Amino acid sequence: MGPGGLYHSCKQLGVSHLQWTAAAPGTGLHTWDRFSKLPYPSDKAFLYDTFPDKFMWAVGTAAYSVEGAWEKDGKGKSIWDTFTRGGTRVSRGDVGSDSYHNIPGDLRALQQLGVSHYRFSLSWPRIFSNGTKESYNEKGVEYYKSLIRGLKKIKVQPIVTLYHWDLPDSLQTLFGGWSNSVMVELFREYADFCFKTFGSDVKFWITIDNPFAVAWHGYGTGVVAPGIKNDSVLPFRVGHNLLKAHAAAWHMYDDRYRSSQGGQVSMALASHWIKPSRTRQENRKACQCSLDFVLGWFARPLFVDGDYPPCMKRNLIHRLPTFTEAESLYVNGTADFFALSHGPALSFQLINESLRFGQTEALGLRMLLYWVGGEYNNPPIFVVESGWYGSGNTKTKDAKHMYYLKRFIMETLKAIRFDRINVIGYTAWSLLDGYEWYREYGIRRGLFFVDFNTADLKREPKTSATFYSKLIEKNGFPQLPENQPAQGVFPCDFAWGVAANSIQVDTIPSQFADPSVYIWNVSGNGELKKVPGVRVPPMHRKYHCANYGSILQQVSDVHRMQVTHFQFSINWSSITPTGRVSDANETLLKYYHCFVSELRTVNVTPVVTLWQHTGKLSSLPAPMEAGGGWQSEETVQAFADYARLCFQRLGAHVKLWITLNEPNDEDLEYTVGHQLLRAHALAWHVYDTEFRRAQGGKASLVLHMDWVEPAFSFNREDSEPANRVLDFRVGWFADPIFGSGDYPGVMRTWLQQRNNTDLFSYHLPKFSDEDRLLVKGTYDFFAISHFTTSMVYDGVEDTYTFKDKLKVQLISDVTWIMSSRPNSPVVPWGLRKALNWVNSRYKGVPIYVMANGVQEDTASFKDSLRVYYFYNYINEALKAYTLDGVNLKGYFAYAFSDQRDPGFGMYGHVQEEVISKSSLAHYKDIIRNNGFLAPGTPQQHCPHAPVLLTKQPVVGFLSLVSSCMLITVCLVIYYAVKRHKIATRK
């Protein structure tokens with residue numbers, strides 16, 4: 001027995017009033033607290049699971065959007081037929097998707113989707129041309145009977161909406177439409193006919209769709225038909241009549257048809273979600289009030305107590321109608337399930353801000369479902385409209401629509417599995433492109449593309465249709481083996497590192513720099529007091545690395561991380577300001593030498609980058625920059641000389657060299673890229689021929705390699721745009737070195753095609769035989785920096801992220817966890833795919849992940865997103881090593897410190913204090929286990945490397961300390977005796 005059944009029981013017993021209390025008033029207010037306390041970011045992670053058995057998968061349409069045939073076969077005019085012929089409207093729904101003439105096409109589309117239910121609306125003026133039963137139109141009725149027969153044949157259940165905004169225009173003209181209470185009886189009469197005529201085949205009825213949009217925007221803002229505006233009282237009178245009309249229809253069904261037809265009846269209520277602009281309690285109460293004004297306006301009378309929300313009553317006072325006791329009883333409980341609409345409807349995009357109460361709208365379907373569950377005692381919820389849209393120019397590749405659909409379905413699944421909300425069905429909107437109300441044809445919401453410029457308006461499935469059909473087939477997102485965490489360890493010689501763009505350089509020695517003499521006040525407070533006017537004579541002592549406090553501090557911080565390697569960049573323009581090695585900065589070279597040697601003393605292998613790409617900021621010596629930068633052959637030769645100098649001075653302690661870090665900037669001119677390749681090759685050959693045998697190190701370059709995924713993966717050709725981007729981003733530098741010795745063939749053919757057809761002038765240099773021999777094979781390993789993943793497809797959705805040179809659209813899956821850095825979502829599996837791409841393309845090459853990290857607020861030392869990031873990305877790297885056979889040699893977390901790499905560091909800083917963030921402890925745990933040990937698995941046994949302590953500096957340091965102490969003691973004794981003699985003479 002539903003709520004309405006209780007009404008009848010009380011009526012039969014003679015009870016005059018029943019208060020149907022669903023939950024304690026304002027229970028939904030707890031929603032914001034609950035979701036603010038859920039674990040981040042794990043709660044935002046994608047949920048792989050399936051929906052309950054017999055979950056209802058539906059798709060929907062609205063009559064005026066898709067039917068067309070606006071004057072055919074006796075159909076009367078609707079208020080939308082009139083509205084679109086006045087004012088500033090540009091187009092009309094006269095033809096729409098022409099569903100009236102194409103039932104077979106619609107049925108084929110439904111079969112392709114595999115839905116269990118189809119929600120469509122009846123056009124009131126097609127059934128009763130002037131709105132009353134006397135104007136019954138047999139042909140219109142036969143159209144709907146044919147549609148229902150067709151649905152029955154393909155085993156799709158109808159969900160029928162009696163009123164989806166297209167009121168017979170005659171009722172608006174004669175009575176003022178929904179502003180007149182006479183509409184209650186007229187709607188009851190219309191509903192009675194529909195229940196009697198179609199009800200034997202219909203188990204779900206929606207009386208009125210989105211009464212908020214009808215009342216507020218139809219009779220308040222005038223945005224939709226009938227377009228009445230500037231009456232502050234009228235929308236609330238209309239809403240009152242809509243509630244009573246719905247209740248009249250519900251009671252009609254309950255009294256006459258429920259027992260024989262066994263269906264359920266509700267009203268489709270649409271709402272935004274609202275976020276507090278601040279965390280204060282009053283802001284959350286404002287959010288609650290905003291939802292009450294849109295959703296509670298109709299939901300509270302139906303599901304709680306037959307009256308309007310207190311917030312509305314407080315704010316509106318005389319404008320809001322009042323329910324009599326009999327009306328409250330009549331309206332309350334007249335819903336057999338909660339029919340919820342969500343998406344870009346007029347209840348979500350409020351157009352004006354008056355109902356937001358200073359707060360912010362958001363696309364939180366899961367939270368809205370939780371709020372409905374809490375506020376209305378967890379009723380069965382049928383999501384009867386959900387989805388997003390694409391631009392009017394979108395054809396069959398509707399990535400934006402598809403991924404928002406995925407997001408909303410995933411949020412629905414989380415509401416069921418995590419929040420225990422009783423969601424019984426989901427309706428994707430819409431089956432077909434059609435007339436989209438006040439947006440006309442400016443957007444497309446269909447799963448099927450309709451070409452409005454052709455005579456037959458043929459339906460063609462979009463990618464969103466393919467996605468939805470696959471989803472229905474699997475009943476959700478079943479867990480796949482590749483999505484589960486891996487257990488295992490890396491090899492014993494695996495390089496665990498941390499990366500930094502640069503290190504702190506302070507070349508002024510901090511040890512023993514103060515020549516003053518101090519007295520230790522033993523009998524007093526124990527402080528050291530400076531002896532005025534007394535200075536220690538300058539000491540001529542040997543240079544020691546221990547002089548640099550900045551080095552000792554940084555090396556100590558690195559050592560505490562328990563990494564085996566530390567990667568950092570040195571500054572070419574600082575080491576050789578003129579570009580000539582004869583003018584090298586000896587002080588800076590000594591500093592860097594001390595830094596790498598001190599790292600070695602604590603068993604950390606330095607990984608040194610000679611040149612770090614810094615985008616538009618030049619990091620070349622000034623004369624090199626002035627002389628043409630990298631395009632100059634002089635710069636290329638100077639880089640080789642600079643590399644030789646670094647190898648000479650630092651190479652005894654450096655076992656991994658990076659010549660160029662991330663030179664493959666997509667905005668770089670191809671001629672510059674060509675010279676960078678030559679510069680790298682010359683430097684590598686210098687190391688190979690002059691230093692490798694003595695120093696035993698290795699050298700290569702680091703390429704930036706964020707993964708690129710096809711936005712669609714339904715056909716083989718979907719991969720072509722992604723492969724093209726990877727060739728241009730990575731293959732551009734990788735193929736000449738690790739592959740053929742030339743640029744990828746795709747680059748040459750694509751640029752040639754663009755030059756011919758688009759009148760561009762993209763010049764990809766040709767390798768001479770000499771350069772090919774110079775560049776090819778100049779590597780000892782393949783190093784990548786990887787941070788995120790994006791998706792691409794051929795098409796134009798958003799010009800801001802459209803890459804014109806490659807003719808691809810970049811997008812993100814909106815179900816991915818977003819970081820604070822723009823366009824940098826957290827997508828762990830992208831690293832595994834990137835590693836496999838390198839491994840398969842350059843067979844078996846040793847690979848290092850030289851930088852991998854995520855940006856977070858520098859004030860957040862409990863950096864939970866970074867903890868999640870490192871765990872999952874390293875786990876994907878483990879899968880690549882253990883499951884895919886990738887020759888992975890090392891992993892470097894980015895970054896060492898916020899001081900040098902703001903927002904990425906595992907060390908934060910408060911004034912002069914260095915703070916270890918949570919991510920550092922978690923990273924150390926992974927290093928300690930050398931991967932991810934299964935519970936109960938013994939620790940991997942690896943031989944420990946000896947500690948490389950150098951004795952001479954330590955002995956020298958101790959001798960220096962002793963000498964200074966001896967001099968200080970002698971001076972103290974001397975001045976103490978002198979004072980004593982002076983005092984004795986007196």
# chains A, B, ... in the order shown; residues from 1 in each chain; ligands from 1

call {"tool": "residues_around", "arguments": {"residues": "segment 691-693 of chain A", "least_positions_apart": "3", "cutoff": "8 Å", "atoms": "only C-alpha atoms", "output": "tab-separated table (two decimals) with all heavy atoms, in the first residue's frame"}}
result
chain	number	residue	atom	x	y	z
A	647	PHE	N	80.79	16.77	-16.98
A	647	PHE	CA	81.25	15.39	-16.84
A	647	PHE	C	82.61	15.35	-16.14
A	647	PHE	O	82.86	14.50	-15.29
A	647	PHE	CB	81.37	14.73	-18.22
A	647	PHE	CG	80.07	14.62	-19.00
A	647	PHE	CD1	80.07	14.64	-20.38
A	647	PHE	CD2	78.85	14.50	-18.34
A	647	PHE	CE1	78.89	14.54	-21.11
A	647	PHE	CE2	77.67	14.41	-19.05
A	647	PHE	CZ	77.69	14.44	-20.45
A	648	GLN	N	83.50	16.29	-16.51
A	648	GLN	CA	84.83	16.34	-15.90
A	648	GLN	C	84.75	16.61	-14.40
A	648	GLN	O	85.41	15.95	-13.59
A	648	GLN	CB	85.68	17.44	-16.57
A	648	GLN	CG	86.17	17.12	-17.96
A	648	GLN	CD	86.84	18.32	-18.60
A	648	GLN	OE1	86.66	19.47	-18.14
A	648	GLN	NE2	87.59	18.08	-19.67
A	651	GLY	N	81.45	14.12	-12.70
A	651	GLY	CA	81.20	12.76	-13.17
A	651	GLY	C	81.65	11.66	-12.25
A	651	GLY	O	81.13	10.54	-12.31
A	686	VAL	N	80.11	12.77	-26.32
A	686	VAL	CA	81.21	13.23	-25.46
A	686	VAL	C	81.35	12.30	-24.26
A	686	VAL	O	82.46	11.86	-23.92
A	686	VAL	CB	80.98	14.69	-25.01
A	686	VAL	CG1	81.94	15.04	-23.87
A	686	VAL	CG2	81.18	15.65	-26.17
A	687	TYR	N	80.21	12.00	-23.62
A	687	TYR	CA	80.27	11.12	-22.46
A	687	TYR	C	80.72	9.71	-22.86
A	687	TYR	O	81.56	9.09	-22.20
A	687	TYR	CB	78.92	11.04	-21.76
A	687	TYR	CG	79.01	10.32	-20.42
A	687	TYR	CD1	79.49	10.98	-19.30
A	687	TYR	CD2	78.68	8.98	-20.30
A	687	TYR	CE1	79.62	10.33	-18.08
A	687	TYR	CE2	78.82	8.32	-19.10
A	687	TYR	CZ	79.28	9.00	-17.99
A	687	TYR	OH	79.43	8.36	-16.79
A	688	ASP	N	80.17	9.23	-23.96
A	688	ASP	CA	80.44	7.85	-24.38
A	688	ASP	C	81.91	7.63	-24.73
A	688	ASP	O	82.49	6.61	-24.38
A	688	ASP	CB	79.55	7.53	-25.59
A	688	ASP	CG	79.59	6.06	-25.95
A	688	ASP	OD1	79.32	5.23	-25.07
A	688	ASP	OD2	79.88	5.75	-27.13
A	696	GLY	N	81.86	5.08	-15.58
A	696	GLY	CA	80.89	3.99	-15.51
A	696	GLY	C	79.44	4.43	-15.40
A	696	GLY	O	78.60	3.70	-14.87
A	697	GLY	N	79.12	5.62	-15.90
A	697	GLY	CA	77.75	6.12	-15.81
A	697	GLY	C	76.95	5.88	-17.07
A	697	GLY	O	77.40	5.23	-18.03
A	698	LYS	N	75.75	6.44	-17.08
A	698	LYS	CA	74.85	6.32	-18.24
A	698	LYS	C	74.25	7.69	-18.53
A	698	LYS	O	74.15	8.54	-17.64
A	698	LYS	CB	73.74	5.30	-17.96
A	698	LYS	CG	74.25	3.88	-17.75
A	698	LYS	CD	73.11	2.93	-17.42
A	698	LYS	CE	73.64	1.52	-17.22
A	698	LYS	NZ	72.57	0.56	-16.88

call {"tool": "residues_around", "arguments": {"residues": "Trp707 of chain A", "least_positions_apart": "4", "cutoff": "9 Å", "atoms": "only C-alpha atoms", "output": "PyMOL selection string"}}
result
chain A and resi 726+786-791+830-831+833-834

call {"tool": "write_last_selection", "arguments": {"atoms": "all heavy atoms", "output": "short mmCIF file (atom, residue, chain, number, x, y, z; two decimals), in the first residue's frame"}}
result
data_model
loop_
_atom_site.label_atom_id
_atom_site.label_comp_id
_atom_site.auth_asym_id
_atom_site.auth_seq_id
_atom_site.Cartn_x
_atom_site.Cartn_y
_atom_site.Cartn_z
N LEU A 726 50.44 11.13 -29.97
CA LEU A 726 51.63 10.53 -29.36
C LEU A 726 52.83 10.60 -30.29
O LEU A 726 53.97 10.82 -29.85
CB LEU A 726 51.34 9.08 -28.98
CG LEU A 726 50.43 8.89 -27.76
CD1 LEU A 726 49.98 7.45 -27.64
CD2 LEU A 726 51.14 9.33 -26.48
N HIS A 786 55.86 11.88 -16.37
CA HIS A 786 54.45 11.59 -16.63
C HIS A 786 53.62 12.11 -15.46
O HIS A 786 53.93 11.84 -14.30
CB HIS A 786 54.23 10.08 -16.79
CG HIS A 786 52.80 9.68 -16.90
ND1 HIS A 786 52.16 9.55 -18.11
CD2 HIS A 786 51.86 9.40 -15.96
CE1 HIS A 786 50.89 9.21 -17.91
NE2 HIS A 786 50.70 9.11 -16.61
N PHE A 787 52.54 12.83 -15.78
CA PHE A 787 51.74 13.42 -14.73
C PHE A 787 50.25 13.11 -14.85
O PHE A 787 49.57 12.92 -13.86
CB PHE A 787 51.93 14.94 -14.70
CG PHE A 787 53.35 15.35 -14.42
CD1 PHE A 787 54.24 15.59 -15.45
CD2 PHE A 787 53.81 15.45 -13.12
CE1 PHE A 787 55.55 15.95 -15.20
CE2 PHE A 787 55.11 15.79 -12.84
CZ PHE A 787 55.99 16.05 -13.88
N THR A 788 49.74 13.05 -16.07
CA THR A 788 48.29 12.93 -16.21
C THR A 788 47.95 12.28 -17.55
O THR A 788 48.82 11.87 -18.32
CB THR A 788 47.63 14.32 -16.08
OG1 THR A 788 46.21 14.17 -16.02
CG2 THR A 788 47.99 15.21 -17.26
N THR A 789 46.66 12.21 -17.82
CA THR A 789 46.14 11.62 -19.06
C THR A 789 45.03 12.51 -19.60
O THR A 789 44.26 13.10 -18.84
CB THR A 789 45.59 10.20 -18.79
OG1 THR A 789 46.68 9.33 -18.47
CG2 THR A 789 44.84 9.64 -19.97
N SER A 790 44.97 12.61 -20.90
CA SER A 790 43.85 13.29 -21.55
C SER A 790 43.30 12.39 -22.64
O SER A 790 43.89 11.36 -22.95
CB SER A 790 44.30 14.63 -22.15
OG SER A 790 45.32 14.43 -23.11
N MET A 791 42.15 12.76 -23.17
CA MET A 791 41.53 11.98 -24.25
C MET A 791 41.37 12.86 -25.47
O MET A 791 41.23 14.09 -25.36
CB MET A 791 40.18 11.43 -23.80
CG MET A 791 40.30 10.41 -22.70
SD MET A 791 38.72 9.63 -22.32
CE MET A 791 37.79 11.01 -21.73
N GLY A 830 46.96 5.54 -16.82
CA GLY A 830 47.64 6.17 -17.94
C GLY A 830 49.14 5.93 -17.93
O GLY A 830 49.77 5.82 -18.98
N LEU A 831 49.73 5.81 -16.72
CA LEU A 831 51.16 5.54 -16.63
C LEU A 831 51.48 4.15 -17.18
O LEU A 831 52.46 3.98 -17.92
CB LEU A 831 51.64 5.67 -15.18
CG LEU A 831 53.11 5.31 -14.93
CD1 LEU A 831 54.04 6.16 -15.78
CD2 LEU A 831 53.44 5.45 -13.45
N LYS A 833 49.86 2.48 -19.40
CA LYS A 833 49.72 2.49 -20.86
C LYS A 833 50.89 3.20 -21.51
O LYS A 833 51.37 2.78 -22.58
CB LYS A 833 48.39 3.15 -21.24
CG LYS A 833 47.18 2.32 -20.86
CD LYS A 833 45.94 2.74 -21.62
CE LYS A 833 44.80 1.76 -21.37
NZ LYS A 833 43.65 1.99 -22.26
N ALA A 834 51.37 4.28 -20.88
CA ALA A 834 52.52 4.98 -21.43
C ALA A 834 53.76 4.08 -21.43
O ALA A 834 54.51 4.03 -22.42
CB ALA A 834 52.79 6.26 -20.62
#

call {"tool": "residues_around", "arguments": {"residues": "Ala783 of chain A", "least_positions_apart": "5", "cutoff": "9 Å", "atoms": "only C-alpha atoms", "output": "tab-separated table (two decimals) with N, CA and C atoms, in the first residue's frame"}}
result
chain	number	residue	atom	x	y	z
A	658	ILE	N	71.21	13.33	-17.41
A	658	ILE	CA	70.14	13.74	-18.31
A	658	ILE	C	70.65	14.94	-19.09
A	700	SER	N	71.14	9.89	-21.04
A	700	SER	CA	70.00	9.93	-21.96
A	700	SER	C	69.31	11.27	-21.80
A	701	LEU	N	68.08	11.38	-22.30
A	701	LEU	CA	67.29	12.59	-22.12
A	701	LEU	C	65.92	12.18	-21.55
A	702	VAL	N	65.19	13.14	-21.01
A	702	VAL	CA	63.86	12.87	-20.46
A	702	VAL	C	62.82	13.49	-21.38
A	703	LEU	N	61.82	12.71	-21.78
A	703	LEU	CA	60.73	13.21	-22.60
A	703	LEU	C	59.45	13.30	-21.78
A	704	HIS	N	58.78	14.42	-21.93
A	704	HIS	CA	57.48	14.57	-21.27
A	704	HIS	C	56.48	13.65	-21.98
A	846	PRO	N	65.48	-0.12	-21.50
A	846	PRO	CA	65.36	0.19	-20.06
A	846	PRO	C	64.64	1.53	-19.88
A	847	ILE	N	63.69	1.56	-18.97
A	847	ILE	CA	62.84	2.75	-18.81
A	847	ILE	C	62.92	3.26	-17.37
A	848	TYR	N	63.02	4.56	-17.23
A	848	TYR	CA	62.90	5.23	-15.93
A	848	TYR	C	61.72	6.19	-15.98
A	849	VAL	N	60.89	6.14	-14.94
A	849	VAL	CA	59.90	7.21	-14.74
A	849	VAL	C	60.64	8.28	-13.93
A	850	MET	N	61.05	9.35	-14.60
A	850	MET	CA	61.95	10.30	-13.98
A	850	MET	C	61.23	11.40	-13.21
A	851	ALA	N	59.94	11.54	-13.40
A	851	ALA	CA	59.15	12.50	-12.63
A	851	ALA	C	57.70	12.11	-12.71

call {"tool": "residues_around", "arguments": {"residues": "Asp557 of chain A", "least_positions_apart": "4", "cutoff": "9 Å", "atoms": "only C-alpha atoms", "output": "list in words"}}
result
Leu552, Gln553, Met561, Phe896, Tyr907 and Val914 of chain A

call {"tool": "write_last_selection", "arguments": {"atoms": "N, CA and C atoms", "output": "PDB file, in the first residue's frame"}}
result
ATOM      1  N   LEU A 552      74.243  20.543   3.472  1.00  0.00           N
ATOM      2  CA  LEU A 552      74.021  19.543   4.522  1.00  0.00           C
ATOM      3  C   LEU A 552      72.540  19.382   4.835  1.00  0.00           C
ATOM      4  N   GLN A 553      71.811  20.502   4.847  1.00  0.00           N
ATOM      5  CA  GLN A 553      70.377  20.441   5.142  1.00  0.00           C
ATOM      6  C   GLN A 553      69.626  19.679   4.045  1.00  0.00           C
ATOM      7  N   MET A 561      64.402  10.607   3.248  1.00  0.00           N
ATOM      8  CA  MET A 561      63.362  10.060   2.376  1.00  0.00           C
ATOM      9  C   MET A 561      63.592   8.585   2.061  1.00  0.00           C
ATOM     10  N   PHE A 896      60.642  16.957  -4.614  1.00  0.00           N
ATOM     11  CA  PHE A 896      61.359  16.969  -3.344  1.00  0.00           C
ATOM     12  C   PHE A 896      60.741  17.962  -2.367  1.00  0.00           C
ATOM     13  N   TYR A 907      58.083  17.746   0.955  1.00  0.00           N
ATOM     14  CA  TYR A 907      58.470  18.589   2.082  1.00  0.00           C
ATOM     15  C   TYR A 907      57.799  19.938   1.900  1.00  0.00           C
ATOM     16  N   VAL A 914      61.297  22.891   8.061  1.00  0.00           N
ATOM     17  CA  VAL A 914      60.956  21.929   7.013  1.00  0.00           C
ATOM     18  C   VAL A 914      59.968  20.921   7.587  1.00  0.00           C
TER      19      VAL A 914
END

call {"tool": "residues_around", "arguments": {"residues": "Phe448 of chain A", "least_positions_apart": "6", "cutoff": "9 Å", "atoms": "only C-alpha atoms", "output": "list in words"}}
result
Ala109, Thr396, Ser430, Leu431, Leu432, Asp433, Arg459, Glu460, Pro461, Lys462, Thr463, Ser464 and Ala465 of chain A

call {"tool": "closest_residue", "arguments": {"among": "A:Phe639, A:Trp684, A:Tyr793, A:Trp837", "to": "Asp706 of chain A", "atoms": "only C-alpha atoms"}}
result
A:Trp837

call {"tool": "closest_residue", "arguments": {"among": "A:Phe338, A:Phe323, A:Trp165, A:Tyr592", "to": "Gly425 of chain A", "atoms": "only C-alpha atoms"}}
result
A:Phe338

call {"tool": "residues_around", "arguments": {"residues": "segment 732-738 of chain A", "least_positions_apart": "6", "cutoff": "7 Å", "atoms": "only C-alpha atoms", "output": "PyMOL selection string"}}
result
chain A and resi 664+744+775-778+842

call {"tool": "atom_distance", "arguments": {"atom1": "atom CA of Lys397 of chain A", "atom2": "atom CA of Gly795 of chain A"}}
result
7.2 Å

call {"tool": "atom_distance", "arguments": {"atom1": "atom CA of Val383 of chain A", "atom2": "atom CA of Thr334 of chain A"}}
result
17.9 Å
